[in-house]
>>> print(open('run-v9.txt').read())   # compact mmCIF, C-alpha atoms
# COMPACT_ATOMS: atom_id res chain seq x y z
CA MET A 27 249.33 128.86 304.73
CA LYS A 28 249.89 129.38 300.98
CA ILE A 29 248.92 126.77 298.46
CA ASN A 30 250.79 125.96 295.24
CA ILE A 31 249.06 126.91 292.01
CA LEU A 32 250.41 125.75 288.67
CA LEU A 33 249.62 128.22 285.89
CA VAL A 34 249.90 126.59 282.47
CA GLU A 35 249.69 129.39 279.94
CA ASP A 36 251.71 130.05 276.78
CA SER A 37 250.59 133.62 276.13
CA THR A 38 253.11 136.08 277.58
CA VAL A 39 250.47 138.80 277.80
CA ASP A 40 247.99 136.62 279.69
CA ARG A 41 250.70 135.37 282.05
CA ALA A 42 251.72 138.95 282.82
CA LEU A 43 248.15 139.72 283.82
CA ILE A 44 247.16 136.51 285.62
CA GLN A 45 250.37 135.83 287.55
CA PRO A 46 250.21 138.92 289.82
CA ILE A 47 246.58 138.14 290.66
CA LEU A 48 247.50 134.64 291.76
CA GLN A 49 250.70 135.66 293.52
CA SER A 50 248.78 137.66 296.07
CA MET A 51 247.03 134.46 297.15
CA ALA A 52 249.34 131.54 296.47
CA ASN A 53 252.77 130.33 295.43
CA VAL A 54 252.66 130.34 291.66
CA LEU A 55 254.58 127.98 289.41
CA VAL A 56 254.47 128.81 285.73
CA ALA A 57 254.61 126.39 282.82
CA THR A 58 254.34 127.53 279.21
CA THR A 59 253.93 124.04 277.75
CA LEU A 60 252.33 120.76 278.81
CA ALA A 61 255.79 119.19 279.03
CA GLU A 62 256.83 121.80 281.60
CA ALA A 63 253.57 121.26 283.48
CA LYS A 64 254.25 117.52 283.66
CA ASN A 65 257.70 118.19 285.11
CA PHE A 66 256.24 120.43 287.82
CA LEU A 67 253.63 117.82 288.67
CA ARG A 68 256.35 115.22 289.08
CA VAL A 69 258.35 117.17 291.62
CA GLU A 70 256.04 119.68 293.30
CA ASP A 71 252.97 119.36 295.49
CA ILE A 72 250.45 121.17 293.32
CA ASP A 73 247.15 122.13 294.92
CA MET A 74 245.40 123.69 291.93
CA ILE A 75 246.01 124.06 288.20
CA LEU A 76 244.96 126.90 285.94
CA LEU A 77 245.13 125.38 282.50
CA ASP A 78 244.96 127.12 279.15
CA VAL A 79 243.03 125.10 276.58
CA GLU A 80 245.34 125.82 273.64
CA LEU A 81 249.00 125.10 274.25
CA PRO A 82 251.90 124.72 271.83
CA ASP A 83 252.43 121.02 272.53
CA GLY A 84 248.85 119.91 272.95
CA ASN A 85 245.34 120.46 274.08
CA GLY A 86 244.40 121.27 277.67
CA PHE A 87 241.40 118.91 277.60
CA ASP A 88 243.54 115.90 276.62
CA PHE A 89 246.04 116.79 279.33
CA PHE A 90 243.22 117.09 281.85
CA ALA A 91 241.95 113.62 280.90
CA GLN A 92 245.45 112.25 281.55
CA LEU A 93 245.58 113.94 284.95
CA ARG A 94 242.30 112.34 285.92
CA VAL A 95 243.62 108.80 285.49
CA GLU A 96 246.94 109.34 287.29
CA LYS A 97 246.89 108.39 290.95
CA ASN A 98 248.85 111.44 292.09
CA THR A 99 247.02 114.05 290.05
CA LYS A 100 243.43 112.90 289.79
CA ARG A 101 242.26 114.96 292.74
CA ILE A 102 243.95 118.25 291.81
CA PRO A 103 241.28 120.85 290.98
CA VAL A 104 241.71 122.17 287.45
CA ILE A 105 240.38 125.47 286.20
CA PHE A 106 240.38 126.02 282.47
CA LEU A 107 241.34 129.30 280.87
CA THR A 108 239.93 130.17 277.50
CA TYR A 109 238.73 133.02 275.34
CA LYS A 110 235.14 134.18 275.57
CA LYS A 111 234.20 133.11 272.09
CA GLU A 112 235.02 129.48 272.80
CA THR A 113 231.81 128.69 274.68
CA HIS A 114 231.79 125.11 273.42
CA ASP A 115 235.01 124.72 275.41
CA GLU A 116 233.15 125.57 278.58
CA VAL A 117 230.68 122.75 278.02
CA MET A 118 233.54 120.40 277.18
CA GLY A 119 235.54 121.38 280.27
CA PHE A 120 232.66 120.91 282.67
CA SER A 121 231.64 117.64 281.09
CA LEU A 122 235.17 116.36 281.74
CA GLY A 123 234.87 117.37 285.38
CA ALA A 124 236.73 120.67 285.52
CA GLU A 125 236.47 122.63 288.74
CA ASP A 126 235.68 125.88 287.00
CA TYR A 127 236.12 127.94 283.88
CA ILE A 128 237.68 131.37 283.53
CA PHE A 129 237.21 133.40 280.40
CA LYS A 130 239.98 135.53 278.97
CA PRO A 131 240.69 138.37 278.90
CA VAL A 132 240.42 137.88 282.62
CA ASP A 133 238.49 140.18 284.87
CA HIS A 134 240.76 140.12 287.89
CA ILE A 135 238.04 140.94 290.42
CA ARG A 136 236.03 137.89 289.41
CA VAL A 137 239.12 135.72 289.10
CA ARG A 138 240.35 136.71 292.53
CA ALA A 139 236.96 136.03 294.14
CA ARG A 140 236.61 132.63 292.52
CA ILE A 141 240.17 131.50 293.19
CA GLU A 142 240.01 132.74 296.78
CA ALA A 143 236.90 130.67 297.41
CA LYS A 144 238.58 127.59 296.00
CA ILE A 145 241.76 128.20 297.99
CA GLY A 146 239.62 128.42 301.13
CA ARG A 147 238.16 125.01 300.34
CA ILE A 148 241.58 123.49 299.68
CA ILE A 149 243.04 124.84 302.91
CA GLY A 150 239.96 123.60 304.77
CA SER A 151 240.30 120.10 303.38
CA ARG A 152 244.04 120.15 303.95
CA SER A 153 243.64 120.93 307.65
CA GLN A 154 241.23 117.99 307.81
CA GLU A 155 243.91 115.89 306.18
CA SER A 156 246.00 115.89 309.31
CA LEU A 157 246.78 112.21 309.09
CA ILE A 158 248.29 110.12 306.31
CA GLN A 159 248.25 106.39 306.80
CA LYS A 160 250.11 104.33 304.26
CA ALA A 161 252.09 101.09 304.15
CA GLY A 162 252.44 100.67 307.88
CA LEU A 163 253.21 104.33 308.45
CA ARG A 164 250.98 106.76 310.30
CA ILE A 165 252.04 110.34 309.62
CA ASP A 166 250.55 113.01 311.85
CA LEU A 167 251.00 116.17 309.76
CA ALA A 168 249.89 118.58 312.47
CA ALA A 169 252.16 117.17 315.17
CA GLN A 170 254.89 116.27 312.63
CA ARG A 171 255.22 112.80 314.08
CA VAL A 172 255.54 109.44 312.38
CA PHE A 173 254.57 106.05 313.77
CA ILE A 174 255.30 102.61 312.43
CA LEU A 175 252.37 100.25 312.74
CA ALA A 176 253.30 96.61 312.84
CA GLU A 177 250.69 93.92 313.23
CA GLY A 178 250.41 92.73 316.83
CA PHE A 179 252.61 95.53 318.12
CA GLU A 180 251.93 98.96 319.51
CA ALA A 181 252.53 101.88 317.19
CA ARG A 182 256.21 102.85 317.42
CA LEU A 183 257.17 106.52 317.24
CA VAL A 184 259.94 107.18 314.72
CA ASP A 185 262.38 109.87 315.69
CA LEU A 186 262.75 112.07 312.60
CA THR A 187 264.42 115.42 312.11
CA PRO A 188 262.16 118.12 310.57
CA LEU A 189 263.93 117.71 307.21
CA GLU A 190 263.59 113.93 307.24
CA PHE A 191 259.90 114.45 308.00
CA LYS A 192 259.55 116.75 304.96
CA VAL A 193 261.39 114.29 302.74
CA LEU A 194 259.19 111.43 303.92
CA VAL A 195 255.93 113.32 303.39
CA HIS A 196 257.08 114.30 299.90
CA PHE A 197 257.80 110.69 298.99
CA VAL A 198 254.61 109.32 300.54
CA ARG A 199 252.53 111.84 298.60
CA HIS A 200 254.23 110.74 295.37
CA GLU A 201 254.27 106.98 295.72
CA ASP A 202 256.18 105.11 292.99
CA GLN A 203 257.57 108.28 291.45
CA VAL A 204 261.29 108.54 290.94
CA PHE A 205 262.91 111.76 292.12
CA SER A 206 266.38 112.90 291.20
CA ARG A 207 268.48 114.54 293.88
CA GLU A 208 268.04 117.90 292.18
CA GLN A 209 264.26 117.50 292.23
CA LEU A 210 264.32 116.59 295.91
CA ILE A 211 266.48 119.61 296.71
CA GLU A 212 264.06 121.87 294.87
CA SER A 213 260.96 120.40 296.51
CA VAL A 214 262.22 119.94 300.06
CA TRP A 215 264.95 122.51 300.57
CA GLY A 216 263.64 125.11 298.14
CA ASN A 217 266.16 127.29 296.37
CA ASN A 218 268.92 126.68 298.89
CA LEU A 219 272.03 126.71 296.74
CA ASN A 220 274.23 125.31 299.50
CA ILE A 221 272.64 121.87 299.41
CA VAL A 222 274.62 119.23 297.57
CA ASP A 223 273.63 115.77 296.35
CA ARG A 224 275.50 114.15 299.21
CA THR A 225 273.20 115.87 301.72
CA VAL A 226 270.17 114.33 300.00
CA ASP A 227 271.79 110.89 300.07
CA MET A 228 272.53 111.26 303.76
CA HIS A 229 268.93 112.19 304.62
CA VAL A 230 267.46 109.45 302.46
CA CYS A 231 269.86 106.92 303.97
CA ASN A 232 268.91 107.91 307.51
CA LEU A 233 265.23 107.92 306.65
CA ARG A 234 265.48 104.51 305.04
CA LYS A 235 266.89 103.04 308.25
CA LYS A 236 264.32 104.75 310.43
CA ILE A 237 261.25 103.54 308.51
CA SER A 238 262.60 100.05 307.91
CA GLY A 239 259.90 98.46 310.11
CA GLY A 240 257.08 99.66 307.82
CA ARG A 241 255.69 97.97 304.72
CA CYS A 242 257.48 100.43 302.50
CA SER A 243 260.94 101.27 301.26
CA LEU A 244 262.94 104.08 299.77
CA ASP A 245 264.59 102.43 296.81
CA SER A 246 267.57 103.71 294.88
CA VAL A 247 266.99 103.94 291.15
CA HIS A 248 270.38 103.58 289.54
CA GLY A 249 271.59 106.72 287.81
CA VAL A 250 268.39 108.61 288.58
CA GLY A 251 267.52 108.98 292.24
CA TYR A 252 265.05 107.54 294.73
CA ARG A 253 261.53 106.16 294.83
CA PHE A 254 259.07 105.41 297.64
CA CYS A 255 257.55 101.95 297.21
CA VAL A 256 254.86 100.12 299.12
CA ARG A 257 255.63 96.44 299.66
CA MET B 28 245.45 161.51 273.66
CA GLY B 29 244.50 159.06 276.43
CA LEU B 30 244.84 155.29 276.19
CA GLU B 31 241.05 155.09 276.31
CA SER B 32 240.87 156.60 272.83
CA ILE B 33 243.14 153.88 271.44
CA LEU B 34 242.08 150.84 273.44
CA ASP B 35 238.80 149.61 274.88
CA SER B 36 238.14 151.90 277.83
CA GLN B 37 236.23 149.24 279.78
CA ARG B 38 239.20 146.89 279.56
CA ILE B 39 241.59 149.66 280.66
CA ASP B 40 239.30 150.46 283.61
CA VAL B 41 239.24 146.81 284.67
CA MET B 42 243.04 146.58 284.66
CA ARG B 43 243.38 149.93 286.39
CA THR B 44 241.61 148.62 289.48
CA LEU B 45 244.38 146.09 290.02
CA GLU B 46 247.11 146.90 292.49
CA ASN B 47 249.72 148.92 290.55
CA GLY B 48 247.20 148.83 287.72
CA ASP B 49 248.75 151.64 285.68
CA ASP B 50 252.18 150.03 285.81
CA LEU B 51 250.65 146.71 284.87
CA ILE B 52 248.84 148.22 281.88
CA VAL B 53 252.09 149.69 280.58
CA LYS B 54 253.91 146.39 281.17
CA ILE B 55 251.27 144.35 279.35
CA ILE B 56 251.09 146.75 276.42
CA ASP B 57 254.88 146.72 276.28
CA ILE B 58 254.96 142.92 276.09
CA PHE B 59 252.24 142.90 273.43
CA VAL B 60 253.88 145.61 271.32
CA GLY B 61 257.25 143.87 271.71
CA GLU B 62 256.14 140.44 270.54
CA THR B 63 253.53 141.34 267.91
CA PRO B 64 255.79 142.42 264.99
CA ALA B 65 257.39 138.97 264.90
CA ARG B 66 253.95 137.40 265.19
CA ILE B 67 252.65 139.51 262.29
CA ASP B 68 255.65 138.38 260.22
CA ARG B 69 254.89 134.73 261.03
CA ILE B 70 251.25 135.26 260.00
CA ARG B 71 252.37 136.93 256.76
CA ILE B 72 254.69 134.03 255.89
CA ALA B 73 252.20 131.35 256.96
CA ALA B 74 249.42 133.01 254.95
CA ALA B 75 251.61 133.07 251.84
CA LYS B 76 252.40 129.36 252.31
CA SER B 77 248.88 128.43 253.53
CA ASP B 78 250.50 126.93 256.62
CA LEU B 79 247.27 126.44 258.57
CA GLU B 80 248.84 125.17 261.80
CA VAL B 81 251.07 128.24 262.20
CA LEU B 82 248.25 130.55 261.10
CA ARG B 83 245.86 129.06 263.67
CA LYS B 84 248.36 129.24 266.53
CA GLU B 85 249.58 132.76 265.73
CA SER B 86 246.12 134.22 265.08
CA HIS B 87 244.94 132.68 268.36
CA LEU B 88 247.77 134.28 270.34
CA LEU B 89 247.40 137.59 268.50
CA GLY B 90 243.66 137.72 269.15
CA GLY B 91 244.07 136.74 272.79
CA GLY B 92 246.82 139.27 273.47
CA ALA B 93 244.88 141.99 271.69
CA ALA B 94 241.76 141.20 273.74
CA CYS B 95 243.84 141.30 276.91
CA ILE B 96 245.05 144.87 276.30
CA GLY B 97 241.69 145.98 274.94
CA ALA B 98 242.61 146.22 271.24
CA SER B 99 239.11 145.13 270.24
CA GLN B 100 239.29 145.58 266.48
CA LEU B 101 242.56 143.69 266.14
CA SER B 102 241.21 140.97 268.42
CA THR B 103 238.05 140.61 266.32
CA LEU B 104 239.99 140.40 263.04
CA ALA B 105 242.46 137.86 264.45
CA GLY B 106 239.54 135.88 265.85
CA GLN B 107 237.92 135.79 262.41
CA LEU B 108 241.14 134.53 260.86
CA GLU B 109 241.52 131.86 263.56
CA GLN B 110 237.98 130.67 262.95
CA ILE B 111 238.45 130.45 259.19
CA VAL B 112 241.73 128.57 259.60
CA SER B 113 240.25 126.22 262.22
CA GLN B 114 237.47 125.34 259.79
CA GLY B 115 240.12 124.50 257.20
CA ILE B 116 238.66 126.89 254.63
CA PHE B 117 241.55 129.34 254.37
CA ASP B 118 242.46 130.22 250.78
CA SER B 119 243.75 133.21 248.79
CA SER B 120 240.40 134.97 249.14
CA HIS B 121 241.19 135.39 252.84
CA LEU B 122 244.47 137.23 252.21
CA GLN B 123 242.34 140.39 252.30
CA LEU B 124 241.55 139.63 255.95
CA CYS B 125 245.26 139.20 256.66
CA ASP B 126 245.87 142.62 255.09
CA GLU B 127 243.20 144.13 257.33
CA ILE B 128 244.98 142.63 260.33
CA PHE B 129 248.33 144.08 259.22
CA GLN B 130 246.77 147.50 258.64
CA GLU B 131 245.02 147.45 262.00
CA TRP B 132 248.26 146.49 263.70
CA THR B 133 250.09 149.36 261.96
CA ARG B 134 247.39 151.81 263.03
CA LEU B 135 247.35 150.50 266.61
CA SER B 136 251.12 150.37 267.08
CA THR B 137 251.51 153.90 265.67
CA SER B 138 248.82 155.22 268.03
CA LEU B 139 250.41 153.50 271.02
CA GLU B 140 253.85 154.74 270.04
CA ASN B 141 252.57 158.32 269.78
CA HIS B 142 250.74 158.00 273.09
CA PHE B 143 253.83 156.83 274.98
CA ALA B 144 256.05 159.36 273.17
CA GLU B 145 253.81 162.16 274.47
CA LEU B 146 254.34 160.91 278.01
CA LEU B 147 258.11 161.24 277.77
CA PRO B 148 259.55 164.25 279.60
>>> encode(input="run-v9.txt", output="structure tokens")
Amino acid sequence: MKINILLVEDSTVDRALIQPILQSMANVLVATTLAEAKNFLRVEDIDMILLDVELPDGNGFDFFAQLRVEKNTKRIPVIFLTYKKETHDEVMGFSLGAEDYIFKPVDHIRVRARIEAKIGRIIGSRSQESLIQKAGLRIDLAAQRVFILAEGFEARLVDLTPLEFKVLVHFVRHEDQVFSREQLIESVWGNNLNIVDRTVDMHVCNLRKKISGGRCSLDSVHGVGYRFCVR
Amino acid sequence: MGLESILDSQRIDVMRTLENGDDLIVKIIDIFVGETPARIDRIRIAAAKSDLEVLRKESHLLGGGAACIGASQLSTLAGQLEQIVSQGIFDSSHLQLCDEIFQEWTRLSTSLENHFAELLP
């Protein structure tokens, strides 16, 4: 199982060094600005962020503070990247609640050891997170089964295709976020160029019908895409 | 002349232990050498105009990149410039420091160029 790490780093040289270290352990998404990082966080399931402190469109600490108040990002472990001389940054990062601090220029042996340990913890907690229960839905991630829980009734198994299951999990993990069809294709189907918007509509439409007994809905957002809402 | 005589040998050793370390070293130096002339130009222009924001950003990236490849002297000089600019005390008396950076870059890039030229068949 590979986790998704978002590397937010504007220095080409540092990216060239850090990316191969991470790629041996995780799927790596690269953002060179905070705006790009925000886009990734909207559409991807990010398990860990490596965040440079100095970025062209803002400061890593301010961005981190924003992440900590957002429902969908507040639990993502963040590791700051900074140059050795900026020791005051280390104090600042830890006081904000950063997971760790990595000094640049990176020593790949140390970086690998520290990231590996954190990945181990994430995978461990993920395997414990085998059940998501939200808005009248019980999603068994290990068995890939979904039940609708209605008051006074027995849990009803919903018959989903594997793709519908992936789409549902993606939406449930990003409650209230609007996803365009392109974003859904990228997140659920990956880089499959044969998928067209109509395919997304068809899956969402089917899914909408199948979960209609729950306290949630997949709403169309005109001109944009879809959003999972809890009623 | 080995890379160790141009760049910090400890840094080179660290990178060498990576998988495909030698290739990676060349790639990283190549990126640094490729992007630094434009960065030096931006520093030159920003210093002449006392554009502190550009100076801070460019000196930060120059110092970081230099540290990454093990160009210690260039990294130290760029770090000094960044610190001065961050404190808001940059003035014409610091143009001497900019000149030292430009000279160090010229020396470093020439040495690297000669090193890689020697490796050509």
>>> interface_residues(input="run-v9.txt", of="chain B", to="chain A", cutoff="9 Å", atoms="only C-alpha atoms", output="ChimeraX atom specification")
/B:38,41-42,44-46,51-52,54-56,58-59,62,84,87-88,91-97,106
>>> atom_distance(input="run-v9.txt", atom1="CA of Ile174 (chain A)", atom2="CA of Arg241 (chain A)")
9.0 Å
>>> closest_residue(input="run-v9.txt", among="B:Val53, B:Leu82, B:Ile116, B:Ile67", to="Glu131 (chain B)", atoms="all atoms listed in the file")
B:Ile67
>>> closest_residue(input="run-v9.txt", among="A:Lys236, A:Arg182, A:Arg253, A:His200", to="Glu70 (chain A)", atoms="all atoms listed in the file")
A:His200
>>> residues_around(input="run-v9.txt", residues="region 243-245 of chain A", least_positions_apart="3", cutoff="7 Å", atoms="only C-alpha atoms", output="list in words")
Arg234, Ser238, Tyr252, Arg253, Phe254, Cys255 and Val256 of chain A
>>> residues_around(input="run-v9.txt", residues="Ser113 (chain B)", least_positions_apart="2", cutoff="10 Å", atoms="only C-alpha atoms", output="list of chain:residue names")
B:Leu79, B:Glu80, B:Leu82, B:Arg83, B:Lys84, B:Gln107, B:Leu108, B:Glu109, B:Gln110, B:Ile111, B:Gly115, B:Ile116, B:Phe117
>>> residues_around(input="run-v9.txt", residues="Glu140 (chain B)", least_positions_apart="5", cutoff="12 Å", atoms="all atoms listed in the file", output="ChimeraX atom specification")
/B:28,30,33,53,56-57,60-61,132-135,145-147
>>> write_last_selection(input="run-v9.txt", atoms="C-alpha atoms", output="PDB file, in the frame of the given file")
ATOM      1  CA  MET B  28     245.450 161.510 273.660  1.00  0.00           C
ATOM      2  CA  LEU B  30     244.840 155.290 276.190  1.00  0.00           C
ATOM      3  CA  ILE B  33     243.140 153.880 271.440  1.00  0.00           C
ATOM      4  CA  VAL B  53     252.090 149.690 280.580  1.00  0.00           C
ATOM      5  CA  ILE B  56     251.090 146.750 276.420  1.00  0.00           C
ATOM      6  CA  ASP B  57     254.880 146.720 276.280  1.00  0.00           C
ATOM      7  CA  VAL B  60     253.880 145.610 271.320  1.00  0.00           C
ATOM      8  CA  GLY B  61     257.250 143.870 271.710  1.00  0.00           C
ATOM      9  CA  TRP B 132     248.260 146.490 263.700  1.00  0.00           C
ATOM     10  CA  THR B 133     250.090 149.360 261.960  1.00  0.00           C
ATOM     11  CA  ARG B 134     247.390 151.810 263.030  1.00  0.00           C
ATOM     12  CA  LEU B 135     247.350 150.500 266.610  1.00  0.00           C
ATOM     13  CA  GLU B 145     253.810 162.160 274.470  1.00  0.00           C
ATOM     14  CA  LEU B 146     254.340 160.910 278.010  1.00  0.00           C
ATOM     15  CA  LEU B 147     258.110 161.240 277.770  1.00  0.00           C
TER      16      LEU B 147
END
>>> closest_residue(input="run-v9.txt", among="A:Leu33, A:Val172, A:Leu107, A:Val247", to="Arg207 (chain A)", atoms="all atoms listed in the file")
A:Val247
>>> residues_around(input="run-v9.txt", residues="Arg69 (chain B)", least_positions_apart="3", cutoff="9 Å", atoms="all atoms listed in the file", output="list of chain:residue names")
B:Pro64, B:Ala65, B:Arg66, B:Ile72, B:Ala73, B:Ala74, B:Val81, B:Leu82, B:Glu85
>>> residues_around(input="run-v9.txt", residues="Ile211 (chain A)", least_positions_apart="3", cutoff="12 Å", atoms="only C-alpha atoms", output="PyMOL selection string")
chain A and resi 69-70+189+192-193+196+205-208+214-227+229-230+251
>>> atom_distance(input="run-v9.txt", atom1="CA of Lys76 (chain B)", atom2="CA of Leu101 (chain B)")
22.2 Å
>>> closest_residue(input="run-v9.txt", among="A:Glu142, A:Asp83, A:Asp71, A:Asp78", to="Val195 (chain A)", atoms="only C-alpha atoms")
A:Asp71
>>> residues_near_point(input="run-v9.txt", point="(255.6, 119.8, 281.0)", cutoff="12 Å", atoms="all atoms listed in the file", output="list in words")
Leu32, Leu33, Val34, Glu35, Asp36, Leu55, Val56, Ala57, Thr58, Thr59, Leu60, Ala61, Glu62, Ala63, Lys64, Asn65, Phe66, Leu67, Arg68, Val69, Leu77, Leu81, Pro82, Asp83, Gly84, Gly86 and Phe89 of chain A
>>> closest_residue(input="run-v9.txt", among="A:Gln92, A:Ile149, A:Ser50, A:Ala181", to="Arg164 (chain A)", atoms="only C-alpha atoms")
A:Ala181
>>> atom_distance(input="run-v9.txt", atom1="CA of Leu124 (chain B)", atom2="CA of Thr137 (chain B)")
19.9 Å
